[in-house]
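Structure first, commentary second.
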Amino acid sequence: MAKTLHFLFHLRKSRSEKTEKAKIYMRLTFNGKRSVISISRSISPERWDKVKCRVKGTNKEAREINDHIAKIIYNLNKIHQNLMDEGAMVTPNKMIRILNGDDDKDRKTLEVFREHNAKTDEMAGKEISASTAQRYWTCYNHVEQFIKEQYKETDYRLKDIDYSFVTKFEHFLKTKRKCNHNSALKYVNNFKKIIRIALANKWMTHDPFISYKVQFDPVQREFLNQEEVDTLWEKELHFDRLKLVRDMFVFSCYTGLAYSDVEKLSKSDISIGIDGGKWIRINRTKTGTRSSIPLLPVAEQILDRYADDPLVVDSDRLIPVFTNQKSNAFLKEIAILCGITKPLTTHLARHTFATTITLTNGVPIETVSKMLGHQSLRTTQHYAKIVDRKISDDMQILRAKLAAQNDEKSKKQGKNNKK
């Protein structure tokens, strides 16, 4: 394919127009791609030189149109050279937009993304979690790098984003950024919000996600079984930092609270429930959903253990905690000491509450969902799918019930035969 610019000026007469004149169009070709535009001039067909692509003669009209054509060619060559000097991607459409001054009027992707993230930062810790706000900035960095590497641009017009852009971005996340399938799709969904904003504001005329389908891979959620939880709880640890992190982790195992919720848990979040026992009532940091959780004995014992800690006495908090990063690092040490091969993280405790502590012990999934603060029961069902012991117990009950029914039938048949 040719790597040079090629200009072709030609006439095009509309059948609906009554005038004898025909409009002059330019076809710009570069690297095998082309774009056609009107140059806003008309001329009688008999006055057009098809070979030279110019108006015949030297009268005022001929000079004006030919000068206009020459100026267009000069400006486009200059635009092309500037783009090449900047190392930017060159396309006929882009050159024509710059020629017409449209490139500066249209909203740009990263520009709108920054505006969105600035507003998100203001809501961090209020309507959304700080981690969610940070995730949008991570996504922004991915999009910025993608545009720079794929399109050789510092920003990208929202109007130019199409299905190809989206699929290439997903591929970039999986290859260059080494994201797994589900992580890549989550970032694509983060980016999709920027597109929805653009569509709502009419900064885009088409939705590039119309034909894009998201299909997440099933996730096998890790959790500790009861034996592992007991081992962790009963292990003699010799460092205060490990004891604190272990206690925080076990507390989450028996309450289902995420790290961010344990970190902000205050004395005012504890109240007396309908059963006369202590309950945690808290709005989840991530979703703002209300969670009501009766305190189990182990969780209450942990709170009592830190009641006299200076960091608790001098503040409104209930458990002194390290940062999430440090906590996860210390949990790796604890796992080794306890002989646990599963990757311990602060969030694994929440999975353990949903499975081992509640669902496996027969707590209805609707109750578990409310305690976890899930907005949809479908989210909780992910945990129910992996509790093999619960499935086994339920099937044992069914077997016993069917066996009893068969025995009853056999007895009835025996009585009828005697008769």
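A note on labels: chains of the structure tokens are A, B, ... as shown, every chain counts residues from 1, and ligands are counted from 1 in their shown order.
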
**Study point:** Sel. of helix (DSSP H, G or I) residues, segment 148-251 of chain A, as a PyMOL selection string
**Key:** chain A and resi 148-151+158-160+163-175+181-200+226-234+240-251

Find the nearest atom pair between each residue of segment 75-141 of chain A and segment 149-166 of chain A for residues within 8 Å, count only C-alpha atoms, give distances in Å to one decimal, sort rows by chain and ascending number, and present the table as a tab-separated table.
residue	atom	partner	partner_atom	distance
A:Gly87	CA	A:Lys152	CA	6.3
A:Ala88	CA	A:Lys152	CA	4.5
A:Met89	CA	A:Lys152	CA	5.2
A:Asp103	CA	A:Arg157	CA	7.7
A:Asp106	CA	A:Arg157	CA	6.6
A:Arg107	CA	A:Leu158	CA	6.2
A:Lys108	CA	A:Arg157	CA	4.5
A:Thr109	CA	A:Leu158	CA	5.3
A:Leu110	CA	A:Asp155	CA	5.9
A:Glu111	CA	A:Asp155	CA	7.7

Export of the given selection (N, CA and C atoms) as a CSV table (one decimal), in the first residue's frame:
chain,number,residue,atom,x,y,z
A,87,GLY,N,5.2,11.8,15.7
A,87,GLY,CA,5.1,10.4,15.8
A,87,GLY,C,3.7,9.9,16.0
A,88,ALA,N,2.7,10.7,15.6
A,88,ALA,CA,1.3,10.4,15.8
A,88,ALA,C,0.8,9.5,14.6
A,89,MET,N,-0.3,8.8,14.9
A,89,MET,CA,-0.9,8.0,13.8
A,89,MET,C,-1.5,8.9,12.8
A,103,ASP,N,-11.0,19.0,15.1
A,103,ASP,CA,-10.3,18.1,16.1
A,103,ASP,C,-10.3,18.8,17.4
A,106,ASP,N,-14.1,18.7,19.4
A,106,ASP,CA,-14.7,17.5,20.0
A,106,ASP,C,-14.0,17.1,21.3
A,107,ARG,N,-14.8,16.5,22.2
A,107,ARG,CA,-14.4,16.0,23.5
A,107,ARG,C,-13.4,14.8,23.3
A,108,LYS,N,-12.4,14.8,24.2
A,108,LYS,CA,-11.4,13.8,24.1
A,108,LYS,C,-11.6,12.8,25.3
A,109,THR,N,-11.2,11.5,25.0
A,109,THR,CA,-11.4,10.4,26.0
A,109,THR,C,-10.8,10.7,27.3
A,110,LEU,N,-9.5,10.9,27.3
A,110,LEU,CA,-8.8,11.1,28.6
A,110,LEU,C,-9.2,12.3,29.4
A,111,GLU,N,-9.6,13.4,28.6
A,111,GLU,CA,-10.0,14.6,29.2
A,111,GLU,C,-11.3,14.3,30.0

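Between atom CA of Gln381 of chain A and atom CA of Ile272 of chain A the separation is 29.3 Å.
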
Practice item. Would you list the contacts of segment 248-256 of chain A as a ChimeraX atom specification, taking every protein, DNA or RNA residue within 6 Å and counting only C-alpha atoms, but skipping same-chain residues closer than 6 positions in sequence? Key: /A:299,349-350,352-353,372

Point to revise | A:Asn406, A:Thr356, A:Thr289, A:Asn180 ranked by distance to Ser369 of chain A, top pick (using only C-alpha atoms) | key: A:Thr289

Point to revise | Closest of A:Leu295, A:Ile397, A:Leu76, A:Leu8 to Val51 of chain A - atom-to-atom distances counting only C-alpha atoms | key: A:Leu8

Exercise for review: Excluding segment 60-66 of chain A and any residue of its chain fewer than 5 positions from it, enumerate the residues within 10 Å of it, using only C-alpha atoms, and give them as a PyMOL selection string.
Suggested key: chain A and resi 24+39-43+47-48+53-55+71-72

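Of the residues listed (A:Lys332, A:His10, A:His206, A:Lys264), A:Lys332 shows the shortest atom-to-atom separation from Arg246 of chain A; distances use only C-alpha atoms.
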
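Between atom CA of Glu170 of chain A and atom CA of Val214 of chain A the interatomic distance comes to 10.7 Å.
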
Point to revise | Nearest-residue call for Arg27 of chain A, choices A:Ile96, A:Ile197, A:Leu402, A:Val298, using only C-alpha atoms | key: A:Ile96

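The residue that comes closest to Ala130 of chain A, out of A:Val229, A:Gly339, A:Ala403, A:Lys286 and on the basis of only C-alpha atoms, is A:Lys286.
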